[in-house]
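Note: the block below is query_4.pdb and it holds PDB, C-alpha atoms and all ligand atoms.
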```
ATOM      1  CA  MET N   1      85.671 114.898  85.176  1.00  0.00           C
ATOM      2  CA  ASN N   2      86.041 111.236  85.901  1.00  0.00           C
ATOM      3  CA  GLU N   3      84.022 110.759  89.068  1.00  0.00           C
ATOM      4  CA  LEU N   4      86.814 108.751  90.683  1.00  0.00           C
ATOM      5  CA  ILE N   5      89.489 111.370  89.952  1.00  0.00           C
ATOM      6  CA  GLY N   6      87.224 114.012  91.488  1.00  0.00           C
ATOM      7  CA  ARG N   7      87.196 112.172  94.807  1.00  0.00           C
ATOM      8  CA  VAL N   8      90.801 113.227  95.421  1.00  0.00           C
ATOM      9  CA  PHE N   9      89.562 116.616  96.598  1.00  0.00           C
ATOM     10  CA  SER N  10      87.810 115.048  99.543  1.00  0.00           C
ATOM     11  CA  PHE N  11      91.149 113.634 100.728  1.00  0.00           C
ATOM     12  CA  GLU N  12      92.302 117.158 101.530  1.00  0.00           C
ATOM     13  CA  THR N  13      89.006 118.427 102.865  1.00  0.00           C
ATOM     14  CA  GLN N  14      87.660 115.390 104.735  1.00  0.00           C
ATOM     15  CA  GLU N  15      89.878 112.305 104.909  1.00  0.00           C
ATOM     16  CA  PHE N  16      93.144 113.933 105.979  1.00  0.00           C
ATOM     17  CA  PRO N  17      91.578 116.226 108.610  1.00  0.00           C
ATOM     18  CA  SER N  18      89.685 113.285 110.118  1.00  0.00           C
ATOM     19  CA  ARG N  19      92.972 111.405 110.663  1.00  0.00           C
ATOM     20  CA  SER N  20      95.265 114.368 111.227  1.00  0.00           C
ATOM     21  CA  ALA N  21      96.705 113.003 114.487  1.00  0.00           C
ATOM     22  CA  LEU N  22      97.645 109.695 112.843  1.00  0.00           C
ATOM     23  CA  TYR N  23      99.173 111.401 109.808  1.00  0.00           C
ATOM     24  CA  GLU N  24     101.118 113.801 112.032  1.00  0.00           C
ATOM     25  CA  LYS N  25     102.546 110.890 114.033  1.00  0.00           C
ATOM     26  CA  LEU N  26     103.509 109.013 110.856  1.00  0.00           C
ATOM     27  CA  ALA N  27     105.007 112.126 109.262  1.00  0.00           C
ATOM     28  CA  THR N  28     107.150 113.004 112.287  1.00  0.00           C
ATOM     29  CA  GLU N  29     108.096 109.546 113.548  1.00  0.00           C
ATOM     30  CA  GLY N  30     108.242 107.730 110.193  1.00  0.00           C
ATOM     31  CA  GLN N  31     106.609 104.501 109.177  1.00  0.00           C
ATOM     32  CA  ASN N  32     106.777 101.191 110.985  1.00  0.00           C
ATOM     33  CA  PRO N  33     104.530  98.875 108.975  1.00  0.00           C
ATOM     34  CA  LYS N  34     103.574  95.574 110.550  1.00  0.00           C
ATOM     35  CA  ALA N  35     103.738  93.458 107.380  1.00  0.00           C
ATOM     36  CA  LEU N  36     104.632  93.425 103.698  1.00  0.00           C
ATOM     37  CA  MET N  37     101.896  92.244 101.382  1.00  0.00           C
ATOM     38  CA  ILE N  38     102.591  91.321  97.768  1.00  0.00           C
ATOM     39  CA  SER N  39      99.235  91.108  96.055  1.00  0.00           C
ATOM     40  CA  CYS N  40      97.709  91.222  92.601  1.00  0.00           C
ATOM     41  CA  ALA N  41      96.994  94.615  91.020  1.00  0.00           C
ATOM     42  CA  ASP N  42      93.389  93.517  90.463  1.00  0.00           C
ATOM     43  CA  SER N  43      91.060  96.336  91.534  1.00  0.00           C
ATOM     44  CA  ARG N  44      88.846  93.909  93.436  1.00  0.00           C
ATOM     45  CA  VAL N  45      91.582  92.772  95.795  1.00  0.00           C
ATOM     46  CA  VAL N  46      92.509  95.676  98.071  1.00  0.00           C
ATOM     47  CA  PRO N  47      95.126  94.724 100.685  1.00  0.00           C
ATOM     48  CA  GLU N  48      94.304  97.599 103.043  1.00  0.00           C
ATOM     49  CA  HIS N  49      90.626  96.734 102.815  1.00  0.00           C
ATOM     50  CA  ILE N  50      91.159  93.020 103.469  1.00  0.00           C
ATOM     51  CA  MET N  51      93.447  93.769 106.425  1.00  0.00           C
ATOM     52  CA  GLN N  52      91.322  96.707 107.596  1.00  0.00           C
ATOM     53  CA  ALA N  53      94.612  98.564 107.701  1.00  0.00           C
ATOM     54  CA  GLN N  54      95.182 102.202 108.585  1.00  0.00           C
ATOM     55  CA  PRO N  55      97.832 104.409 106.965  1.00  0.00           C
ATOM     56  CA  GLY N  56     101.204 103.195 108.264  1.00  0.00           C
ATOM     57  CA  ASP N  57     100.071  99.614 108.921  1.00  0.00           C
ATOM     58  CA  LEU N  58     100.893  97.800 105.719  1.00  0.00           C
ATOM     59  CA  PHE N  59     103.787  97.961 103.212  1.00  0.00           C
ATOM     60  CA  VAL N  60     102.278  96.930  99.883  1.00  0.00           C
ATOM     61  CA  CYS N  61     103.632  95.802  96.529  1.00  0.00           C
ATOM     62  CA  ARG N  62     101.058  95.068  93.857  1.00  0.00           C
ATOM     63  CA  ASN N  63     101.554  93.693  90.376  1.00  0.00           C
ATOM     64  CA  ALA N  64      99.807  91.515  87.823  1.00  0.00           C
ATOM     65  CA  GLY N  65      99.675  88.015  89.292  1.00  0.00           C
ATOM     66  CA  ASN N  66     101.227  88.770  92.729  1.00  0.00           C
ATOM     67  CA  ILE N  67     104.578  87.754  91.303  1.00  0.00           C
ATOM     68  CA  VAL N  68     107.934  87.809  93.104  1.00  0.00           C
ATOM     69  CA  PRO N  69     110.680  87.260  90.523  1.00  0.00           C
ATOM     70  CA  PRO N  70     113.465  85.097  91.895  1.00  0.00           C
ATOM     71  CA  TYR N  71     116.637  86.911  92.949  1.00  0.00           C
ATOM     72  CA  SER N  72     118.873  87.332  89.932  1.00  0.00           C
ATOM     73  CA  GLN N  73     121.378  89.633  88.270  1.00  0.00           C
ATOM     74  CA  SER N  74     118.605  91.911  86.978  1.00  0.00           C
ATOM     75  CA  ASN N  75     116.421  92.695  89.940  1.00  0.00           C
ATOM     76  CA  GLY N  76     113.443  95.010  89.542  1.00  0.00           C
ATOM     77  CA  GLY N  77     110.899  96.861  91.614  1.00  0.00           C
ATOM     78  CA  VAL N  78     109.468  93.898  93.479  1.00  0.00           C
ATOM     79  CA  SER N  79     112.924  92.735  94.587  1.00  0.00           C
ATOM     80  CA  ALA N  80     113.882  96.241  95.727  1.00  0.00           C
ATOM     81  CA  THR N  81     110.613  96.582  97.653  1.00  0.00           C
ATOM     82  CA  VAL N  82     111.168  93.263  99.422  1.00  0.00           C
ATOM     83  CA  GLU N  83     114.747  94.157 100.328  1.00  0.00           C
ATOM     84  CA  TYR N  84     113.770  97.602 101.643  1.00  0.00           C
ATOM     85  CA  ALA N  85     110.901  96.176 103.690  1.00  0.00           C
ATOM     86  CA  VAL N  86     113.140  93.581 105.332  1.00  0.00           C
ATOM     87  CA  VAL N  87     116.409  95.490 105.741  1.00  0.00           C
ATOM     88  CA  VAL N  88     115.217  99.024 106.497  1.00  0.00           C
ATOM     89  CA  LEU N  89     111.706  98.604 107.883  1.00  0.00           C
ATOM     90  CA  GLY N  90     112.402  95.338 109.695  1.00  0.00           C
ATOM     91  CA  VAL N  91     109.208  93.697 108.447  1.00  0.00           C
ATOM     92  CA  ARG N  92     108.870  90.217 109.915  1.00  0.00           C
ATOM     93  CA  ASP N  93     105.740  88.960 108.164  1.00  0.00           C
ATOM     94  CA  ILE N  94     105.543  88.758 104.376  1.00  0.00           C
ATOM     95  CA  ILE N  95     102.264  87.801 102.734  1.00  0.00           C
ATOM     96  CA  VAL N  96     101.918  86.718  99.100  1.00  0.00           C
ATOM     97  CA  CYS N  97      98.249  87.102  98.241  1.00  0.00           C
ATOM     98  CA  GLY N  98      96.537  85.579  95.204  1.00  0.00           C
ATOM     99  CA  HIS N  99      92.841  85.553  94.409  1.00  0.00           C
ATOM    100  CA  SER N 100      90.003  83.934  92.511  1.00  0.00           C
ATOM    101  CA  ASP N 101      89.092  84.972  88.936  1.00  0.00           C
ATOM    102  CA  CYS N 102      92.626  86.343  88.405  1.00  0.00           C
ATOM    103  CA  GLY N 103      93.241  87.636  84.877  1.00  0.00           C
ATOM    104  CA  ALA N 104      96.966  86.939  85.189  1.00  0.00           C
ATOM    105  CA  MET N 105      96.287  83.316  86.126  1.00  0.00           C
ATOM    106  CA  LYS N 106      93.959  83.020  83.118  1.00  0.00           C
ATOM    107  CA  GLY N 107      96.870  84.292  81.018  1.00  0.00           C
ATOM    108  CA  ILE N 108      99.172  81.650  82.492  1.00  0.00           C
ATOM    109  CA  ALA N 109      96.511  79.011  81.773  1.00  0.00           C
ATOM    110  CA  ASN N 110      96.051  80.244  78.175  1.00  0.00           C
ATOM    111  CA  PRO N 111      99.347  81.753  76.983  1.00  0.00           C
ATOM    112  CA  GLU N 112      98.086  81.932  73.399  1.00  0.00           C
ATOM    113  CA  ALA N 113      95.718  84.729  74.509  1.00  0.00           C
ATOM    114  CA  LEU N 114      98.737  86.904  75.371  1.00  0.00           C
ATOM    115  CA  GLY N 115      99.861  87.310  71.750  1.00  0.00           C
ATOM    116  CA  LYS N 116      99.502  91.114  71.752  1.00  0.00           C
ATOM    117  CA  MET N 117     100.977  91.514  75.220  1.00  0.00           C
ATOM    118  CA  PRO N 118     104.619  90.412  75.031  1.00  0.00           C
ATOM    119  CA  VAL N 119     105.512  92.243  78.249  1.00  0.00           C
ATOM    120  CA  VAL N 120     102.716  90.547  80.185  1.00  0.00           C
ATOM    121  CA  ALA N 121     103.660  87.192  78.673  1.00  0.00           C
ATOM    122  CA  GLY N 122     107.275  87.702  79.740  1.00  0.00           C
ATOM    123  CA  TRP N 123     106.268  88.732  83.271  1.00  0.00           C
ATOM    124  CA  LEU N 124     103.960  85.766  83.724  1.00  0.00           C
ATOM    125  CA  LYS N 125     106.787  83.339  82.941  1.00  0.00           C
ATOM    126  CA  HIS N 126     107.543  83.716  86.642  1.00  0.00           C
ATOM    127  CA  GLY N 127     104.350  81.736  87.191  1.00  0.00           C
ATOM    128  CA  HIS N 128     105.007  78.945  84.721  1.00  0.00           C
ATOM    129  CA  ALA N 129     106.041  76.554  87.480  1.00  0.00           C
ATOM    130  CA  ALA N 130     102.469  76.790  88.798  1.00  0.00           C
ATOM    131  CA  ALA N 131     101.036  75.995  85.356  1.00  0.00           C
ATOM    132  CA  GLU N 132     103.310  72.983  85.039  1.00  0.00           C
ATOM    133  CA  VAL N 133     102.374  71.670  88.485  1.00  0.00           C
ATOM    134  CA  VAL N 134      98.693  71.953  87.591  1.00  0.00           C
ATOM    135  CA  ALA N 135      99.146  70.410  84.125  1.00  0.00           C
ATOM    136  CA  GLU N 136     100.930  67.392  85.578  1.00  0.00           C
ATOM    137  CA  CYS N 137      99.165  66.938  88.906  1.00  0.00           C
ATOM    138  CA  TYR N 138      95.608  68.118  88.166  1.00  0.00           C
ATOM    139  CA  PRO N 139      95.081  67.046  84.519  1.00  0.00           C
ATOM    140  CA  HIS N 140      91.346  66.453  84.998  1.00  0.00           C
ATOM    141  CA  LEU N 141      90.326  69.996  85.970  1.00  0.00           C
ATOM    142  CA  GLU N 142      87.882  72.082  83.938  1.00  0.00           C
ATOM    143  CA  GLN N 143      88.987  75.598  82.945  1.00  0.00           C
ATOM    144  CA  ALA N 144      87.572  77.571  85.924  1.00  0.00           C
ATOM    145  CA  GLU N 145      88.897  75.089  88.458  1.00  0.00           C
ATOM    146  CA  LYS N 146      92.219  74.982  86.633  1.00  0.00           C
ATOM    147  CA  VAL N 147      92.619  78.768  86.952  1.00  0.00           C
ATOM    148  CA  ARG N 148      91.838  78.507  90.678  1.00  0.00           C
ATOM    149  CA  ALA N 149      94.417  75.739  91.105  1.00  0.00           C
ATOM    150  CA  ILE N 150      97.035  77.746  89.198  1.00  0.00           C
ATOM    151  CA  ALA N 151      96.338  80.769  91.433  1.00  0.00           C
ATOM    152  CA  MET N 152      97.015  78.675  94.544  1.00  0.00           C
ATOM    153  CA  GLU N 153     100.059  76.918  93.100  1.00  0.00           C
ATOM    154  CA  ASN N 154     101.309  80.325  91.958  1.00  0.00           C
ATOM    155  CA  VAL N 155     101.271  81.554  95.559  1.00  0.00           C
ATOM    156  CA  VAL N 156     103.384  78.511  96.465  1.00  0.00           C
ATOM    157  CA  ALA N 157     105.773  79.248  93.569  1.00  0.00           C
ATOM    158  CA  GLN N 158     106.141  82.932  94.515  1.00  0.00           C
ATOM    159  CA  LEU N 159     106.831  82.036  98.153  1.00  0.00           C
ATOM    160  CA  ALA N 160     109.652  79.815  96.883  1.00  0.00           C
ATOM    161  CA  HIS N 161     111.001  82.731  94.823  1.00  0.00           C
ATOM    162  CA  LEU N 162     110.824  84.964  97.884  1.00  0.00           C
ATOM    163  CA  ARG N 163     113.211  82.630  99.683  1.00  0.00           C
ATOM    164  CA  THR N 164     115.860  83.174  96.990  1.00  0.00           C
ATOM    165  CA  HIS N 165     116.207  86.807  98.083  1.00  0.00           C
ATOM    166  CA  PRO N 166     119.232  87.040 100.402  1.00  0.00           C
ATOM    167  CA  SER N 167     117.554  89.387 102.906  1.00  0.00           C
ATOM    168  CA  VAL N 168     114.573  87.040 103.234  1.00  0.00           C
ATOM    169  CA  ALA N 169     116.697  83.878 103.362  1.00  0.00           C
ATOM    170  CA  ALA N 170     118.811  85.341 106.161  1.00  0.00           C
ATOM    171  CA  GLY N 171     115.720  86.518 108.073  1.00  0.00           C
ATOM    172  CA  ILE N 172     114.187  83.043 107.850  1.00  0.00           C
ATOM    173  CA  ALA N 173     117.430  81.403 108.976  1.00  0.00           C
ATOM    174  CA  ARG N 174     117.516  83.738 112.007  1.00  0.00           C
ATOM    175  CA  GLY N 175     113.934  82.762 112.768  1.00  0.00           C
ATOM    176  CA  GLU N 176     112.759  86.355 112.458  1.00  0.00           C
ATOM    177  CA  ILE N 177     110.670  86.229 109.296  1.00  0.00           C
ATOM    178  CA  ALA N 178     107.447  84.308 108.676  1.00  0.00           C
ATOM    179  CA  LEU N 179     106.030  83.800 105.190  1.00  0.00           C
ATOM    180  CA  HIS N 180     102.295  83.667 104.534  1.00  0.00           C
ATOM    181  CA  GLY N 181     100.492  82.496 101.397  1.00  0.00           C
ATOM    182  CA  TRP N 182      96.933  83.733 101.104  1.00  0.00           C
ATOM    183  CA  PHE N 183      94.162  83.279  98.562  1.00  0.00           C
ATOM    184  CA  VAL N 184      91.252  85.708  98.542  1.00  0.00           C
ATOM    185  CA  ASP N 185      88.047  84.249  97.183  1.00  0.00           C
ATOM    186  CA  ILE N 186      86.265  87.316  95.846  1.00  0.00           C
ATOM    187  CA  HIS N 187      83.160  85.246  95.140  1.00  0.00           C
ATOM    188  CA  ALA N 188      82.777  83.808  98.646  1.00  0.00           C
ATOM    189  CA  GLY N 189      84.334  86.755 100.467  1.00  0.00           C
ATOM    190  CA  ASN N 190      86.737  84.641 102.469  1.00  0.00           C
ATOM    191  CA  VAL N 191      90.495  84.275 102.780  1.00  0.00           C
ATOM    192  CA  LEU N 192      92.393  80.986 102.718  1.00  0.00           C
ATOM    193  CA  GLY N 193      95.891  80.585 104.106  1.00  0.00           C
ATOM    194  CA  LEU N 194      98.608  78.140 103.109  1.00  0.00           C
ATOM    195  CA  ASP N 195      99.501  75.692 105.858  1.00  0.00           C
ATOM    196  CA  GLY N 196     103.178  74.960 105.278  1.00  0.00           C
ATOM    197  CA  GLU N 197     102.983  71.648 107.126  1.00  0.00           C
ATOM    198  CA  SER N 198     100.138  70.096 105.136  1.00  0.00           C
ATOM    199  CA  GLY N 199     100.798  72.091 101.970  1.00  0.00           C
ATOM    200  CA  ARG N 200      97.089  72.906 101.738  1.00  0.00           C
ATOM    201  CA  PHE N 201      95.089  76.120 101.787  1.00  0.00           C
ATOM    202  CA  VAL N 202      92.695  76.289 104.727  1.00  0.00           C
ATOM    203  CA  PRO N 203      90.210  78.983 105.793  1.00  0.00           C
ATOM    204  CA  LEU N 204      91.549  81.640 108.154  1.00  0.00           C
ATOM    205  CA  ARG N 205      89.454  81.476 111.320  1.00  0.00           C
ATOM    206  CA  GLU N 206      89.728  83.618 114.397  1.00  0.00           C
ATOM    207  CA  ASP N 207      89.318  80.611 116.708  1.00  0.00           C
ATOM    208  CA  ARG N 208      92.066  78.548 115.046  1.00  0.00           C
ATOM    209  CA  THR N 209      95.831  78.887 114.901  1.00  0.00           C
ATOM    210  CA  LEU N 210      96.782  81.003 111.914  1.00  0.00           C
ATOM    211  CA  PRO N 211      98.208  78.757 109.194  1.00  0.00           C
ATOM    212  CA  VAL N 212     101.660  79.910 108.091  1.00  0.00           C
ATOM    213  CA  ALA N 213     103.651  78.876 105.045  1.00  0.00           C
ATOM    214  CA  VAL N 214     107.020  79.303 106.782  1.00  0.00           C
ATOM    215  CA  ALA N 215     106.973  79.848 110.539  1.00  0.00           C
ATOM    216  CA  GLN N 216     109.285  82.104 112.551  1.00  0.00           C
ATOM    217  CA  THR N 217     111.588  79.271 113.565  1.00  0.00           C
ATOM    218  CA  ALA N 218     115.357  79.481 113.267  1.00  0.00           C
ATOM    219  CA  ARG N 219     116.590  77.254 110.466  1.00  0.00           C
ATOM    220  CA  LEU N 220     120.313  76.626 110.186  1.00  0.00           C
ATOM    221  CA  ALA N 221     121.648  73.813 107.990  1.00  0.00           C
ATOM    222  CA  TYR N 222     125.126  73.773 109.466  1.00  0.00           C
ATOM    223  CA  ASP N 223     125.483  72.355 112.927  1.00  0.00           C
ATOM    224  CA  ALA N 224     128.191  74.789 113.946  1.00  0.00           C
ATOM    225  CA  PRO N 225     130.367  73.883 116.926  1.00  0.00           C
ATOM    226  CA  LEU N 226     129.634  75.970 119.982  1.00  0.00           C
ATOM    227  CA  LEU N 227     132.149  78.698 120.695  1.00  0.00           C
ATOM    228  CA  GLU N 228     134.393  77.913 123.656  1.00  0.00           C
ATOM    229  CA  ALA N 229     133.510  80.091 126.601  1.00  0.00           C
ATOM    230  CA  ALA N 230     135.998  82.925 126.910  1.00  0.00           C
ATOM    231  CA  GLU N 231     138.544  82.238 129.643  1.00  0.00           C
TER     232      GLU N 231
HETATM  233 ZN    ZN N 301      94.839  88.909  89.746  1.00  0.00          ZN
END
```

In structure tokens, write the structure found in this file.
Amino acid sequence: MNELIGRVFSFETQEFPSRSALYEKLATEGQNPKALMISCADSRVVPEHIMQAQPGDLFVCRNAGNIVPPYSQSNGGVSATVEYAVVVLGVRDIIVCGHSDCGAMKGIANPEALGKMPVVAGWLKHGHAAAEVVAECYPHLEQAEKVRAIAMENVVAQLAHLRTHPSVAAGIARGEIALHGWFVDIHAGNVLGLDGESGRFVPLREDRTLPVAVAQTARLAYDAPLLEAAE
């Protein structure tokens, strides 16, 4: 048997019993995750590991390239997951997490390599804005650096897509939802966060204010007249 598949038996015999109280609480009271993370499906980037999360802590959506398709008439699994997390679970922090050495970003950088993968090529079109930003604004980069730049610009692009989802847009307007853009460097073992004010990725440090892409601050475009006090 595949050694990995065989490890499932220790979930029943060791893992579950060692956390039985936690699982019982989650099973009877339901889940109340503290954040939604949309990350790449890459096996080297494990959201629960990076966050040191326990069962029940983190609502996770993983796909090739940590993509969030913009809200449209044909919404898929990512859109449904986002809507459920916001509307039903009341998640107030949403993290889009990219990473170094990302195969999906290499595909965006070299679309001709995707010839035998039409589905992947179609999916990665959601990241083409990142490729265009890099092509026009970072024309001097060598291949490895270019892929890294696309991965970071892709996080920016997916955060923009996230804001097209009505549930997220309304949560941001109410000042209840914060958006985070992270980049995990699997070579250096560190995590960078997008600072929405400067537009740059900066290291996440315990002794510094956490950089956020979009802060939990009410944002209303219309300066509505105040309601007259009831007489
Ligand atoms: Zn990846």

Pull the closest atom pair for each residue of chain N that gets at most 12 Å from ligand ZN 301 (chain N), along with the distance in Å to one decimal, counting all atoms listed in the file, ordering rows by chain and then ascending residue number, as a tab-separated table.
```
residue	atom	partner	partner_atom	distance
N:Ile38	CA	N:ZN301	ZN	11.4
N:Ser39	CA	N:ZN301	ZN	8.0
N:Cys40	CA	N:ZN301	ZN	4.7
N:Ala41	CA	N:ZN301	ZN	6.2
N:Asp42	CA	N:ZN301	ZN	4.9
N:Ser43	CA	N:ZN301	ZN	8.5
N:Arg44	CA	N:ZN301	ZN	8.6
N:Val45	CA	N:ZN301	ZN	7.9
N:Val46	CA	N:ZN301	ZN	11.0
N:Arg62	CA	N:ZN301	ZN	9.7
N:Asn63	CA	N:ZN301	ZN	8.3
N:Ala64	CA	N:ZN301	ZN	5.9
N:Gly65	CA	N:ZN301	ZN	4.9
N:Asn66	CA	N:ZN301	ZN	7.1
N:Ile67	CA	N:ZN301	ZN	9.9
N:Val96	CA	N:ZN301	ZN	11.9
N:Cys97	CA	N:ZN301	ZN	9.3
N:Gly98	CA	N:ZN301	ZN	6.6
N:His99	CA	N:ZN301	ZN	6.1
N:Ser100	CA	N:ZN301	ZN	7.5
N:Asp101	CA	N:ZN301	ZN	7.0
N:Cys102	CA	N:ZN301	ZN	3.6
N:Gly103	CA	N:ZN301	ZN	5.3
N:Ala104	CA	N:ZN301	ZN	5.4
N:Met105	CA	N:ZN301	ZN	6.8
N:Lys106	CA	N:ZN301	ZN	8.9
N:Gly107	CA	N:ZN301	ZN	10.1
N:Ile108	CA	N:ZN301	ZN	11.1
N:Leu124	CA	N:ZN301	ZN	11.4
N:Val147	CA	N:ZN301	ZN	10.8
N:Arg148	CA	N:ZN301	ZN	10.9
N:Ile150	CA	N:ZN301	ZN	11.4
N:Ala151	CA	N:ZN301	ZN	8.4
N:Met152	CA	N:ZN301	ZN	11.5
N:Asn154	CA	N:ZN301	ZN	11.0
N:Val155	CA	N:ZN301	ZN	11.4
N:Phe183	CA	N:ZN301	ZN	10.5
N:Val184	CA	N:ZN301	ZN	10.0
N:Asp185	CA	N:ZN301	ZN	11.1
N:Ile186	CA	N:ZN301	ZN	10.6
```

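Neighbouring residues of N:Ala149 at 10 Å or closer, counting only C-alpha atoms and skipping chain neighbours under 6 positions away, are Ser100, Met105, Ala130, Ala131, Val133, Val134, Ala135, Tyr138, Leu141 and Gln143 of chain N.
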
For stretch 215-222 of chain N, please output as number ranges by chain all residues within 10 Å (counting all atoms listed in the file; exclusion window: fewer than 4 positions along the same chain). N: 92-93, 169-180, 195-197, 211

So how far away is atom CA of N:Gln73 from atom CA of N:Thr164, in Å?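 We find that atom CA of N:Thr164 and atom CA of N:Gln73 lie 12.2 Å from each other.
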
Set the distance at 10 Å and use all atoms listed in the file: which residues neighbour N:Gly56 once local chain neighbours fewer than 2 positions away are removed? I'd like the list as a PDB file with C-alpha atoms, in the coordinates of the input.
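New file part33.pdb:
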```pdb
ATOM      1  CA  LEU N  22      97.645 109.695 112.843  1.00  0.00           C
ATOM      2  CA  TYR N  23      99.173 111.401 109.808  1.00  0.00           C
ATOM      3  CA  LYS N  25     102.546 110.890 114.033  1.00  0.00           C
ATOM      4  CA  LEU N  26     103.509 109.013 110.856  1.00  0.00           C
ATOM      5  CA  ALA N  27     105.007 112.126 109.262  1.00  0.00           C
ATOM      6  CA  GLY N  30     108.242 107.730 110.193  1.00  0.00           C
ATOM      7  CA  GLN N  31     106.609 104.501 109.177  1.00  0.00           C
ATOM      8  CA  ASN N  32     106.777 101.191 110.985  1.00  0.00           C
ATOM      9  CA  PRO N  33     104.530  98.875 108.975  1.00  0.00           C
ATOM     10  CA  LYS N  34     103.574  95.574 110.550  1.00  0.00           C
ATOM     11  CA  ALA N  53      94.612  98.564 107.701  1.00  0.00           C
ATOM     12  CA  GLN N  54      95.182 102.202 108.585  1.00  0.00           C
ATOM     13  CA  LEU N  58     100.893  97.800 105.719  1.00  0.00           C
ATOM     14  CA  PHE N  59     103.787  97.961 103.212  1.00  0.00           C
TER      15      PHE N  59
END
```

Could you tell me, as a count of residues only, exactly which residues end up selected when the PyMOL selection byres (((chain N and resi 80) around 12) and not hetatm) is applied to this structure? 25

Atomic separation - atom CA of N:Gly181 relative to atom CA of N:Glu132, Å: 19.1 Å

Near N:Leu204, counting only C-alpha atoms, which residues have an atom at most 9 Å away, once you skip same-chain residues fewer than 5 positions from it, shown as a list in words?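 So, after excluding close chain neighbours, the residues are Asn190, Val191, Leu192, Gly193, Thr209, Leu210 and Pro211 of chain N.
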
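The gap separating atom CA of N:Ala160 from atom CA of N:Val119 is 22.8 Å, in Å to one decimal.
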
Counting only C-alpha atoms, the residue among N:Gly199, N:Pro55, N:Gly90, N:Pro118 that lies closest to N:Arg19 is N:Pro55

Will you model all heavy atoms for stretch 181-185 of chain N and pass it back as a short mmCIF file (atom, residue, chain, number, x, y, z; two decimals), in the coordinates of the input?
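This is the output file selection39.cif:
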```
data_model
loop_
_atom_site.label_atom_id
_atom_site.label_comp_id
_atom_site.auth_asym_id
_atom_site.auth_seq_id
_atom_site.Cartn_x
_atom_site.Cartn_y
_atom_site.Cartn_z
N GLY N 181 101.07 82.60 102.74
CA GLY N 181 100.49 82.50 101.40
C GLY N 181 98.98 82.54 101.52
O GLY N 181 98.39 81.67 102.15
N TRP N 182 98.38 83.58 100.97
CA TRP N 182 96.93 83.73 101.10
C TRP N 182 96.25 83.68 99.74
O TRP N 182 96.85 83.98 98.70
CB TRP N 182 96.59 85.07 101.77
CG TRP N 182 96.92 85.12 103.24
CD1 TRP N 182 97.53 84.15 103.99
CD2 TRP N 182 96.69 86.22 104.13
NE1 TRP N 182 97.66 84.58 105.29
CE2 TRP N 182 97.16 85.83 105.41
CE3 TRP N 182 96.12 87.49 103.97
CZ2 TRP N 182 97.08 86.68 106.51
CZ3 TRP N 182 96.04 88.33 105.08
CH2 TRP N 182 96.51 87.92 106.33
N PHE N 183 94.99 83.31 99.77
CA PHE N 183 94.16 83.28 98.56
C PHE N 183 92.82 83.90 98.93
O PHE N 183 92.11 83.39 99.80
CB PHE N 183 93.97 81.83 98.09
CG PHE N 183 93.06 81.69 96.90
CD1 PHE N 183 93.57 81.79 95.61
CD2 PHE N 183 91.71 81.46 97.07
CE1 PHE N 183 92.73 81.66 94.50
CE2 PHE N 183 90.87 81.33 95.97
CZ PHE N 183 91.39 81.43 94.68
N VAL N 184 92.52 85.03 98.28
CA VAL N 184 91.25 85.71 98.54
C VAL N 184 90.21 85.23 97.53
O VAL N 184 90.42 85.36 96.32
CB VAL N 184 91.41 87.25 98.43
CG1 VAL N 184 90.07 87.94 98.68
CG2 VAL N 184 92.44 87.75 99.42
N ASP N 185 89.15 84.67 98.05
CA ASP N 185 88.05 84.25 97.18
C ASP N 185 87.07 85.41 97.09
O ASP N 185 86.33 85.69 98.04
CB ASP N 185 87.37 83.01 97.78
CG ASP N 185 86.37 82.39 96.80
OD1 ASP N 185 85.67 83.17 96.11
OD2 ASP N 185 86.29 81.16 96.73
#
```
